[in-house]
Amino acid sequence: MSSENSVGVIDRPSFKRKAARVFGQWGVFFRGFLEHPKMVGSIIPSSRFTIEKMLAPVKWDECDVFVEYGPGVGTFCQPVLDRLRRDGMLIVIDTNPLYIDYLRKHFTDSRFHAVHGSAADVEDIVKAHGADHADYVLSGLPFSTLPDGVGPAIAAATYRVIRPGGAFLVYQFSARARDFMAKHFERIDSGFEALNVLPCQLFWGWKEPMA
Ligand SMILES: C[S@@+](CC[C@H](N)C(=O)[O-])C[C@H]1O[C@@H](n2cnc3c(N)ncnc32)[C@H](O)[C@@H]1O
């Protein structure tokens, strides 16, 4: 409930709590960026416009296992959980232990699994969670600044782990990620979101359904 304080300013506890959560989340994200600028590749989490556009083509009723690389402080996690089936699973993988600790504290949904590790090991990570494939994989990785060889290894492992008919969803400030995807994915749809800091490229790489 709102109340007016001594200087006539409306005091809304829920607004304060929300602001503290958002700025706390951005603070953790920014700290991660300062510690590992090349691995994080951005100073601000993705916008809600990017999230909406990126997730729009997903067929949620056909999705049991959704994997996210580089969740950071979880900008995409709640939107994914809101859309995911009740018996689905969201596995997020990040190399930064600061982010993984943050996510484990803030997401208590039983469908949510936060793994400290590299996206290059996605096949083992998915198996360790009792699944033999992922339906969709989402990536916010800064492909252009990852160490040599890591981007191609991640793209190859991702293609192998996705089931036929599934997709690799990628957003990045540069179009470089598309080069890694193009070696494996038969069809790549492209998009662009201007309302993001910085504006970003969106790609959906589709693995052909089996004949
Ligand atoms: C640009 S941030 C993405 C943040 C978040 N997904 C968003 O949209 O706001 C990139 C993230 O990728 C993570 N990262 C970098 N290399 C990785 C790798 N090989 N495997 C998994 N995560 C990685 C970083 O720690 C960071 O959290």
# chains A, B, ... in the order shown; residues from 1 in each chain; ligands from 1
call {"tool": "residues_near_ligand", "arguments": {"ligand": "ligand 1", "cutoff": "6 Å", "atoms": "only C-alpha atoms and all ligand atoms", "output": "PDB file with all heavy atoms, in the first residue's frame"}}
result
ATOM      1  N   MET A  39      34.612 -11.655 -21.585  1.00  0.00           N
ATOM      2  CA  MET A  39      33.700 -12.788 -21.443  1.00  0.00           C
ATOM      3  C   MET A  39      32.256 -12.305 -21.303  1.00  0.00           C
ATOM      4  O   MET A  39      31.318 -12.990 -21.692  1.00  0.00           O
ATOM      5  CB  MET A  39      34.047 -13.624 -20.207  1.00  0.00           C
ATOM      6  CG  MET A  39      35.431 -14.199 -20.224  1.00  0.00           C
ATOM      7  SD  MET A  39      35.571 -15.524 -21.412  1.00  0.00           S
ATOM      8  CE  MET A  39      35.160 -16.916 -20.376  1.00  0.00           C
ATOM      9  N   VAL A  40      32.063 -11.117 -20.738  1.00  0.00           N
ATOM     10  CA  VAL A  40      30.702 -10.611 -20.534  1.00  0.00           C
ATOM     11  C   VAL A  40      30.266  -9.799 -21.765  1.00  0.00           C
ATOM     12  O   VAL A  40      29.160  -9.989 -22.281  1.00  0.00           O
ATOM     13  CB  VAL A  40      30.600  -9.789 -19.224  1.00  0.00           C
ATOM     14  CG1 VAL A  40      29.208  -9.202 -19.073  1.00  0.00           C
ATOM     15  CG2 VAL A  40      30.938 -10.678 -18.024  1.00  0.00           C
ATOM     16  N   GLY A  41      31.130  -8.901 -22.228  1.00  0.00           N
ATOM     17  CA  GLY A  41      30.890  -8.236 -23.512  1.00  0.00           C
ATOM     18  C   GLY A  41      29.806  -7.174 -23.533  1.00  0.00           C
ATOM     19  O   GLY A  41      29.471  -6.651 -24.586  1.00  0.00           O
ATOM     20  N   SER A  42      29.222  -6.827 -22.379  1.00  0.00           N
ATOM     21  CA  SER A  42      28.173  -5.813 -22.347  1.00  0.00           C
ATOM     22  C   SER A  42      28.104  -5.248 -20.936  1.00  0.00           C
ATOM     23  O   SER A  42      28.398  -5.958 -19.969  1.00  0.00           O
ATOM     24  CB  SER A  42      26.835  -6.476 -22.701  1.00  0.00           C
ATOM     25  OG  SER A  42      25.768  -5.639 -22.360  1.00  0.00           O
ATOM     26  N   PRO A  45      22.273  -5.483 -19.020  1.00  0.00           N
ATOM     27  CA  PRO A  45      21.525  -6.649 -19.516  1.00  0.00           C
ATOM     28  C   PRO A  45      20.613  -6.300 -20.708  1.00  0.00           C
ATOM     29  O   PRO A  45      20.307  -5.137 -20.953  1.00  0.00           O
ATOM     30  CB  PRO A  45      20.679  -7.057 -18.300  1.00  0.00           C
ATOM     31  CG  PRO A  45      21.358  -6.466 -17.110  1.00  0.00           C
ATOM     32  CD  PRO A  45      22.020  -5.208 -17.599  1.00  0.00           C
ATOM     33  N   SER A  46      20.182  -7.322 -21.446  1.00  0.00           N
ATOM     34  CA  SER A  46      19.322  -7.129 -22.626  1.00  0.00           C
ATOM     35  C   SER A  46      17.992  -6.479 -22.258  1.00  0.00           C
ATOM     36  O   SER A  46      17.488  -6.651 -21.150  1.00  0.00           O
ATOM     37  CB  SER A  46      19.019  -8.480 -23.267  1.00  0.00           C
ATOM     38  OG  SER A  46      20.193  -9.085 -23.678  1.00  0.00           O
ATOM     39  N   TYR A  69      22.891 -20.195 -22.690  1.00  0.00           N
ATOM     40  CA  TYR A  69      24.323 -19.918 -22.457  1.00  0.00           C
ATOM     41  C   TYR A  69      24.476 -18.464 -22.030  1.00  0.00           C
ATOM     42  O   TYR A  69      23.890 -17.581 -22.649  1.00  0.00           O
ATOM     43  CB  TYR A  69      25.141 -20.059 -23.746  1.00  0.00           C
ATOM     44  CG  TYR A  69      25.120 -21.385 -24.444  1.00  0.00           C
ATOM     45  CD1 TYR A  69      25.403 -21.436 -25.816  1.00  0.00           C
ATOM     46  CD2 TYR A  69      24.862 -22.571 -23.778  1.00  0.00           C
ATOM     47  CE1 TYR A  69      25.413 -22.638 -26.499  1.00  0.00           C
ATOM     48  CE2 TYR A  69      24.870 -23.778 -24.464  1.00  0.00           C
ATOM     49  CZ  TYR A  69      25.139 -23.803 -25.815  1.00  0.00           C
ATOM     50  OH  TYR A  69      25.150 -24.987 -26.494  1.00  0.00           O
ATOM     51  N   GLY A  70      25.296 -18.229 -21.021  1.00  0.00           N
ATOM     52  CA  GLY A  70      25.611 -16.847 -20.619  1.00  0.00           C
ATOM     53  C   GLY A  70      24.395 -16.107 -20.093  1.00  0.00           C
ATOM     54  O   GLY A  70      24.102 -15.001 -20.557  1.00  0.00           O
ATOM     55  N   PRO A  71      23.695 -16.666 -19.087  1.00  0.00           N
ATOM     56  CA  PRO A  71      22.498 -15.988 -18.571  1.00  0.00           C
ATOM     57  C   PRO A  71      22.808 -14.694 -17.830  1.00  0.00           C
ATOM     58  O   PRO A  71      21.910 -13.868 -17.639  1.00  0.00           O
ATOM     59  CB  PRO A  71      21.901 -17.022 -17.612  1.00  0.00           C
ATOM     60  CG  PRO A  71      23.078 -17.843 -17.160  1.00  0.00           C
ATOM     61  CD  PRO A  71      23.958 -17.944 -18.382  1.00  0.00           C
ATOM     62  N   GLY A  72      24.073 -14.502 -17.409  1.00  0.00           N
ATOM     63  CA  GLY A  72      24.405 -13.305 -16.624  1.00  0.00           C
ATOM     64  C   GLY A  72      23.575 -13.317 -15.353  1.00  0.00           C
ATOM     65  O   GLY A  72      23.533 -14.320 -14.632  1.00  0.00           O
ATOM     66  N   THR A  75      18.425 -12.178 -17.045  1.00  0.00           N
ATOM     67  CA  THR A  75      17.483 -11.315 -17.758  1.00  0.00           C
ATOM     68  C   THR A  75      16.434 -12.130 -18.532  1.00  0.00           C
ATOM     69  O   THR A  75      15.267 -11.758 -18.590  1.00  0.00           O
ATOM     70  CB  THR A  75      18.257 -10.446 -18.779  1.00  0.00           C
ATOM     71  OG1 THR A  75      19.548 -10.184 -18.264  1.00  0.00           O
ATOM     72  CG2 THR A  75      17.527  -9.174 -19.077  1.00  0.00           C
ATOM     73  N   ILE A  93      23.857 -22.044 -18.295  1.00  0.00           N
ATOM     74  CA  ILE A  93      25.289 -22.350 -18.144  1.00  0.00           C
ATOM     75  C   ILE A  93      26.085 -21.049 -18.232  1.00  0.00           C
ATOM     76  O   ILE A  93      25.962 -20.320 -19.214  1.00  0.00           O
ATOM     77  CB  ILE A  93      25.757 -23.294 -19.280  1.00  0.00           C
ATOM     78  CG1 ILE A  93      24.863 -24.535 -19.363  1.00  0.00           C
ATOM     79  CG2 ILE A  93      27.228 -23.678 -19.086  1.00  0.00           C
ATOM     80  CD1 ILE A  93      25.116 -25.391 -20.620  1.00  0.00           C
ATOM     81  N   ASP A  94      26.891 -20.772 -17.213  1.00  0.00           N
ATOM     82  CA  ASP A  94      27.713 -19.554 -17.261  1.00  0.00           C
ATOM     83  C   ASP A  94      29.072 -19.852 -16.630  1.00  0.00           C
ATOM     84  O   ASP A  94      29.167 -20.591 -15.645  1.00  0.00           O
ATOM     85  CB  ASP A  94      27.020 -18.399 -16.522  1.00  0.00           C
ATOM     86  CG  ASP A  94      27.485 -17.042 -17.030  1.00  0.00           C
ATOM     87  OD1 ASP A  94      28.694 -16.723 -16.866  1.00  0.00           O
ATOM     88  OD2 ASP A  94      26.665 -16.296 -17.607  1.00  0.00           O
ATOM     89  N   THR A  95      30.111 -19.252 -17.211  1.00  0.00           N
ATOM     90  CA  THR A  95      31.477 -19.458 -16.704  1.00  0.00           C
ATOM     91  C   THR A  95      31.756 -18.597 -15.466  1.00  0.00           C
ATOM     92  O   THR A  95      32.766 -18.809 -14.801  1.00  0.00           O
ATOM     93  CB  THR A  95      32.509 -19.070 -17.788  1.00  0.00           C
ATOM     94  OG1 THR A  95      32.103 -17.837 -18.374  1.00  0.00           O
ATOM     95  CG2 THR A  95      32.631 -20.136 -18.849  1.00  0.00           C
ATOM     96  N   ASN A  96      30.891 -17.621 -15.202  1.00  0.00           N
ATOM     97  CA  ASN A  96      31.177 -16.683 -14.106  1.00  0.00           C
ATOM     98  C   ASN A  96      30.486 -17.131 -12.809  1.00  0.00           C
ATOM     99  O   ASN A  96      29.258 -17.086 -12.720  1.00  0.00           O
ATOM    100  CB  ASN A  96      30.709 -15.284 -14.519  1.00  0.00           C
ATOM    101  CG  ASN A  96      31.238 -14.215 -13.586  1.00  0.00           C
ATOM    102  OD1 ASN A  96      31.415 -14.453 -12.388  1.00  0.00           O
ATOM    103  ND2 ASN A  96      31.490 -13.040 -14.119  1.00  0.00           N
ATOM    104  N   SER A 118      31.230 -24.261 -18.939  1.00  0.00           N
ATOM    105  CA  SER A 118      31.293 -23.630 -20.253  1.00  0.00           C
ATOM    106  C   SER A 118      30.246 -24.215 -21.189  1.00  0.00           C
ATOM    107  O   SER A 118      29.961 -25.422 -21.158  1.00  0.00           O
ATOM    108  CB  SER A 118      32.675 -23.846 -20.875  1.00  0.00           C
ATOM    109  OG  SER A 118      32.646 -23.394 -22.214  1.00  0.00           O
ATOM    110  N   ALA A 119      29.736 -23.359 -22.057  1.00  0.00           N
ATOM    111  CA  ALA A 119      28.769 -23.791 -23.072  1.00  0.00           C
ATOM    112  C   ALA A 119      29.366 -24.881 -23.961  1.00  0.00           C
ATOM    113  O   ALA A 119      28.631 -25.697 -24.523  1.00  0.00           O
ATOM    114  CB  ALA A 119      28.357 -22.588 -23.914  1.00  0.00           C
ATOM    115  N   GLY A 140      23.583 -15.682 -25.316  1.00  0.00           N
ATOM    116  CA  GLY A 140      23.927 -14.265 -25.223  1.00  0.00           C
ATOM    117  C   GLY A 140      25.440 -14.119 -25.156  1.00  0.00           C
ATOM    118  O   GLY A 140      25.951 -13.122 -24.675  1.00  0.00           O
ATOM    119  N   LEU A 141      26.150 -15.148 -25.627  1.00  0.00           N
ATOM    120  CA  LEU A 141      27.618 -15.128 -25.535  1.00  0.00           C
ATOM    121  C   LEU A 141      28.218 -14.081 -26.469  1.00  0.00           C
ATOM    122  O   LEU A 141      27.751 -13.920 -27.594  1.00  0.00           O
ATOM    123  CB  LEU A 141      28.196 -16.499 -25.930  1.00  0.00           C
ATOM    124  CG  LEU A 141      27.777 -17.711 -25.111  1.00  0.00           C
ATOM    125  CD1 LEU A 141      28.441 -18.967 -25.656  1.00  0.00           C
ATOM    126  CD2 LEU A 141      28.128 -17.514 -23.650  1.00  0.00           C
ATOM    127  N   PRO A 142      29.281 -13.401 -26.017  1.00  0.00           N
ATOM    128  CA  PRO A 142      29.959 -12.452 -26.911  1.00  0.00           C
ATOM    129  C   PRO A 142      30.919 -13.218 -27.829  1.00  0.00           C
ATOM    130  O   PRO A 142      32.131 -13.241 -27.591  1.00  0.00           O
ATOM    131  CB  PRO A 142      30.706 -11.545 -25.928  1.00  0.00           C
ATOM    132  CG  PRO A 142      30.933 -12.399 -24.718  1.00  0.00           C
ATOM    133  CD  PRO A 142      29.872 -13.449 -24.678  1.00  0.00           C
TER     134      PRO A 142
END
call {"tool": "select_by_dssp", "arguments": {"residues": "range 17-80 of chain A", "states": "helix (DSSP H, G or I)", "output": "ChimeraX atom specification"}}
result
/A:17-35,37-40,48-55,60-62,77-80
call {"tool": "write_last_selection", "arguments": {"atoms": "N, CA and C atoms", "output": "compact mmCIF listing (two decimals), in the first residue's frame"}}
result
# COMPACT_ATOMS: atom_id res chain seq x y z
N ARG A 17 11.13 -1.85 -3.44
CA ARG A 17 11.68 -3.21 -3.49
C ARG A 17 12.08 -3.57 -4.91
N LYS A 18 11.20 -3.17 -5.87
CA LYS A 18 11.47 -3.49 -7.28
C LYS A 18 12.74 -2.77 -7.75
N ALA A 19 12.83 -1.46 -7.36
CA ALA A 19 14.02 -0.68 -7.77
C ALA A 19 15.28 -1.29 -7.18
N ALA A 20 15.21 -1.69 -5.90
CA ALA A 20 16.39 -2.28 -5.25
C ALA A 20 16.80 -3.56 -5.98
N ARG A 21 15.76 -4.34 -6.41
CA ARG A 21 16.07 -5.60 -7.08
C ARG A 21 16.74 -5.33 -8.44
N VAL A 22 16.16 -4.37 -9.21
CA VAL A 22 16.71 -4.08 -10.54
C VAL A 22 18.12 -3.53 -10.42
N PHE A 23 18.31 -2.54 -9.51
CA PHE A 23 19.65 -1.95 -9.42
C PHE A 23 20.64 -2.93 -8.81
N GLY A 24 20.15 -3.79 -7.87
CA GLY A 24 21.02 -4.83 -7.32
C GLY A 24 21.47 -5.76 -8.42
N GLN A 25 20.52 -6.12 -9.30
CA GLN A 25 20.81 -7.04 -10.42
C GLN A 25 21.81 -6.39 -11.38
N TRP A 26 21.58 -5.11 -11.71
CA TRP A 26 22.50 -4.42 -12.63
C TRP A 26 23.88 -4.26 -12.00
N GLY A 27 23.90 -4.05 -10.66
CA GLY A 27 25.18 -3.90 -9.95
C GLY A 27 26.00 -5.18 -10.06
N VAL A 28 25.33 -6.33 -9.86
CA VAL A 28 26.04 -7.62 -9.96
C VAL A 28 26.53 -7.81 -11.39
N PHE A 29 25.68 -7.47 -12.37
CA PHE A 29 26.05 -7.65 -13.77
C PHE A 29 27.28 -6.79 -14.10
N PHE A 30 27.25 -5.53 -13.64
CA PHE A 30 28.34 -4.59 -13.93
C PHE A 30 29.65 -5.06 -13.28
N ARG A 31 29.52 -5.60 -12.06
CA ARG A 31 30.72 -6.12 -11.38
C ARG A 31 31.32 -7.26 -12.20
N GLY A 32 30.47 -8.14 -12.71
CA GLY A 32 30.95 -9.25 -13.55
C GLY A 32 31.65 -8.73 -14.79
N PHE A 33 31.11 -7.63 -15.37
CA PHE A 33 31.72 -7.03 -16.56
C PHE A 33 33.10 -6.47 -16.23
N LEU A 34 33.21 -5.76 -15.08
CA LEU A 34 34.50 -5.17 -14.72
C LEU A 34 35.56 -6.25 -14.51
N GLU A 35 35.12 -7.39 -13.95
CA GLU A 35 36.09 -8.48 -13.68
C GLU A 35 36.47 -9.23 -14.96
N PRO A 37 35.68 -8.35 -18.74
CA PRO A 37 35.01 -7.60 -19.82
C PRO A 37 34.84 -8.37 -21.12
N LYS A 38 35.83 -9.18 -21.51
CA LYS A 38 35.73 -9.88 -22.80
C LYS A 38 34.74 -11.04 -22.74
N MET A 39 34.61 -11.66 -21.59
CA MET A 39 33.70 -12.79 -21.44
C MET A 39 32.26 -12.31 -21.30
N VAL A 40 32.06 -11.12 -20.74
CA VAL A 40 30.70 -10.61 -20.53
C VAL A 40 30.27 -9.80 -21.77
N ARG A 48 13.77 -5.66 -22.68
CA ARG A 48 12.59 -6.53 -22.81
C ARG A 48 12.17 -6.68 -24.27
N PHE A 49 12.55 -5.70 -25.11
CA PHE A 49 12.21 -5.79 -26.54
C PHE A 49 13.00 -6.92 -27.18
N THR A 50 14.29 -7.00 -26.81
CA THR A 50 15.15 -8.09 -27.32
C THR A 50 14.60 -9.44 -26.86
N ILE A 51 14.23 -9.50 -25.59
CA ILE A 51 13.73 -10.77 -25.03
C ILE A 51 12.48 -11.23 -25.80
N GLU A 52 11.51 -10.32 -25.95
CA GLU A 52 10.25 -10.65 -26.64
C GLU A 52 10.52 -11.16 -28.05
N LYS A 53 11.35 -10.40 -28.78
CA LYS A 53 11.59 -10.73 -30.19
C LYS A 53 12.33 -12.06 -30.32
N MET A 54 13.34 -12.24 -29.46
CA MET A 54 14.17 -13.45 -29.53
C MET A 54 13.37 -14.71 -29.26
N LEU A 55 12.45 -14.63 -28.29
CA LEU A 55 11.71 -15.83 -27.89
C LEU A 55 10.45 -16.08 -28.73
N TRP A 60 6.52 -23.40 -27.64
CA TRP A 60 6.67 -23.79 -26.24
C TRP A 60 6.01 -25.12 -25.93
N ASP A 61 4.94 -25.46 -26.67
CA ASP A 61 4.26 -26.73 -26.38
C ASP A 61 5.12 -27.93 -26.81
N GLU A 62 6.17 -27.68 -27.62
CA GLU A 62 7.06 -28.77 -28.06
C GLU A 62 8.41 -28.69 -27.35
N CYS A 77 15.80 -15.41 -17.90
CA CYS A 77 15.35 -16.62 -17.19
C CYS A 77 13.87 -16.59 -16.83
N GLN A 78 13.40 -15.48 -16.22
CA GLN A 78 11.98 -15.46 -15.83
C GLN A 78 11.08 -15.47 -17.07
N PRO A 79 11.38 -14.68 -18.11
CA PRO A 79 10.54 -14.77 -19.31
C PRO A 79 10.49 -16.19 -19.88
N VAL A 80 11.61 -16.93 -19.83
CA VAL A 80 11.60 -18.31 -20.33
C VAL A 80 10.74 -19.18 -19.40
call {"tool": "closest_residue", "arguments": {"among": "A:Tyr99, A:Phe112, A:Phe66, A:Tyr171", "to": "His36 in chain A", "atoms": "only C-alpha atoms"}}
result
A:Tyr99
call {"tool": "residues_around", "arguments": {"residues": "range 123-135 of chain A", "least_positions_apart": "4", "cutoff": "9 Å", "atoms": "only C-alpha atoms", "output": "VMD selection string"}}
result
chain A and resid 62 to 67 91 93 113 115 117 119 157 to 158 160 to 168
call {"tool": "atom_distance", "arguments": {"atom1": "CA of Ala177 in chain A", "atom2": "CA of Pro147 in chain A"}}
result
13.7 Å
call {"tool": "residues_around", "arguments": {"residues": "Ala194 in chain A", "least_positions_apart": "3", "cutoff": "10 Å", "atoms": "only C-alpha atoms", "output": "PDB file with all heavy atoms, in the first residue's frame"}}
result
ATOM      1  N   SER A  47      17.396  -5.778 -23.243  1.00  0.00           N
ATOM      2  CA  SER A  47      16.115  -5.101 -23.017  1.00  0.00           C
ATOM      3  C   SER A  47      14.954  -6.080 -23.168  1.00  0.00           C
ATOM      4  O   SER A  47      15.085  -7.149 -23.766  1.00  0.00           O
ATOM      5  CB  SER A  47      15.943  -3.976 -24.035  1.00  0.00           C
ATOM      6  OG  SER A  47      15.662  -4.538 -25.312  1.00  0.00           O
ATOM      7  N   PHE A  49      12.551  -5.702 -25.105  1.00  0.00           N
ATOM      8  CA  PHE A  49      12.207  -5.794 -26.535  1.00  0.00           C
ATOM      9  C   PHE A  49      13.005  -6.923 -27.185  1.00  0.00           C
ATOM     10  O   PHE A  49      12.495  -7.690 -27.990  1.00  0.00           O
ATOM     11  CB  PHE A  49      12.501  -4.458 -27.232  1.00  0.00           C
ATOM     12  CG  PHE A  49      11.794  -3.310 -26.581  1.00  0.00           C
ATOM     13  CD1 PHE A  49      12.468  -2.452 -25.710  1.00  0.00           C
ATOM     14  CD2 PHE A  49      10.440  -3.100 -26.801  1.00  0.00           C
ATOM     15  CE1 PHE A  49      11.808  -1.414 -25.081  1.00  0.00           C
ATOM     16  CE2 PHE A  49       9.766  -2.060 -26.177  1.00  0.00           C
ATOM     17  CZ  PHE A  49      10.456  -1.214 -25.310  1.00  0.00           C
ATOM     18  N   THR A  50      14.295  -7.003 -26.811  1.00  0.00           N
ATOM     19  CA  THR A  50      15.145  -8.089 -27.324  1.00  0.00           C
ATOM     20  C   THR A  50      14.597  -9.441 -26.859  1.00  0.00           C
ATOM     21  O   THR A  50      14.504 -10.394 -27.642  1.00  0.00           O
ATOM     22  CB  THR A  50      16.595  -7.914 -26.814  1.00  0.00           C
ATOM     23  OG1 THR A  50      17.062  -6.644 -27.232  1.00  0.00           O
ATOM     24  CG2 THR A  50      17.517  -8.999 -27.332  1.00  0.00           C
ATOM     25  N   VAL A 197      20.698  -1.727 -25.482  1.00  0.00           N
ATOM     26  CA  VAL A 197      22.001  -1.037 -25.369  1.00  0.00           C
ATOM     27  C   VAL A 197      23.095  -2.099 -25.500  1.00  0.00           C
ATOM     28  O   VAL A 197      23.223  -2.946 -24.647  1.00  0.00           O
ATOM     29  CB  VAL A 197      22.134  -0.329 -23.998  1.00  0.00           C
ATOM     30  CG1 VAL A 197      23.462   0.387 -23.899  1.00  0.00           C
ATOM     31  CG2 VAL A 197      20.973   0.613 -23.758  1.00  0.00           C
ATOM     32  N   LEU A 198      23.798  -2.099 -26.540  1.00  0.00           N
ATOM     33  CA  LEU A 198      23.673  -1.491 -27.846  1.00  0.00           C
ATOM     34  C   LEU A 198      22.620  -2.218 -28.689  1.00  0.00           C
ATOM     35  O   LEU A 198      22.282  -3.355 -28.341  1.00  0.00           O
ATOM     36  CB  LEU A 198      25.037  -1.624 -28.571  1.00  0.00           C
ATOM     37  CG  LEU A 198      26.232  -1.041 -27.812  1.00  0.00           C
ATOM     38  CD1 LEU A 198      27.538  -1.513 -28.405  1.00  0.00           C
ATOM     39  CD2 LEU A 198      26.146   0.479 -27.809  1.00  0.00           C
ATOM     40  N   PRO A 199      22.154  -1.599 -29.793  1.00  0.00           N
ATOM     41  CA  PRO A 199      21.249  -2.317 -30.691  1.00  0.00           C
ATOM     42  C   PRO A 199      21.848  -3.663 -31.075  1.00  0.00           C
ATOM     43  O   PRO A 199      23.070  -3.764 -31.231  1.00  0.00           O
ATOM     44  CB  PRO A 199      21.171  -1.394 -31.910  1.00  0.00           C
ATOM     45  CG  PRO A 199      21.474  -0.048 -31.377  1.00  0.00           C
ATOM     46  CD  PRO A 199      22.468  -0.250 -30.270  1.00  0.00           C
ATOM     47  N   CYS A 200      21.022  -4.699 -31.225  1.00  0.00           N
ATOM     48  CA  CYS A 200      21.656  -5.995 -31.475  1.00  0.00           C
ATOM     49  C   CYS A 200      21.026  -6.817 -32.597  1.00  0.00           C
ATOM     50  O   CYS A 200      19.886  -6.608 -32.995  1.00  0.00           O
ATOM     51  CB  CYS A 200      21.797  -6.801 -30.193  1.00  0.00           C
ATOM     52  SG  CYS A 200      20.301  -7.478 -29.577  1.00  0.00           S
ATOM     53  N   GLN A 201      21.866  -7.725 -33.104  1.00  0.00           N
ATOM     54  CA  GLN A 201      21.502  -8.650 -34.186  1.00  0.00           C
ATOM     55  C   GLN A 201      20.905  -9.898 -33.550  1.00  0.00           C
ATOM     56  O   GLN A 201      21.405 -10.372 -32.522  1.00  0.00           O
ATOM     57  CB  GLN A 201      22.755  -9.096 -34.949  1.00  0.00           C
ATOM     58  CG  GLN A 201      23.684  -8.000 -35.351  1.00  0.00           C
ATOM     59  CD  GLN A 201      23.211  -7.311 -36.614  1.00  0.00           C
ATOM     60  OE1 GLN A 201      22.416  -7.874 -37.378  1.00  0.00           O
ATOM     61  NE2 GLN A 201      23.686  -6.105 -36.832  1.00  0.00           N
TER      62      GLN A 201
END
call {"tool": "residues_around", "arguments": {"residues": "Pro152 in chain A", "least_positions_apart": "2", "cutoff": "12 Å", "atoms": "only C-alpha atoms", "output": "count of residues only"}}
result
24
call {"tool": "closest_residue", "arguments": {"among": "A:Ile44, A:Leu84, A:Val122, A:Leu195", "to": "Val137 in chain A", "atoms": "only C-alpha atoms"}}
result
A:Val122
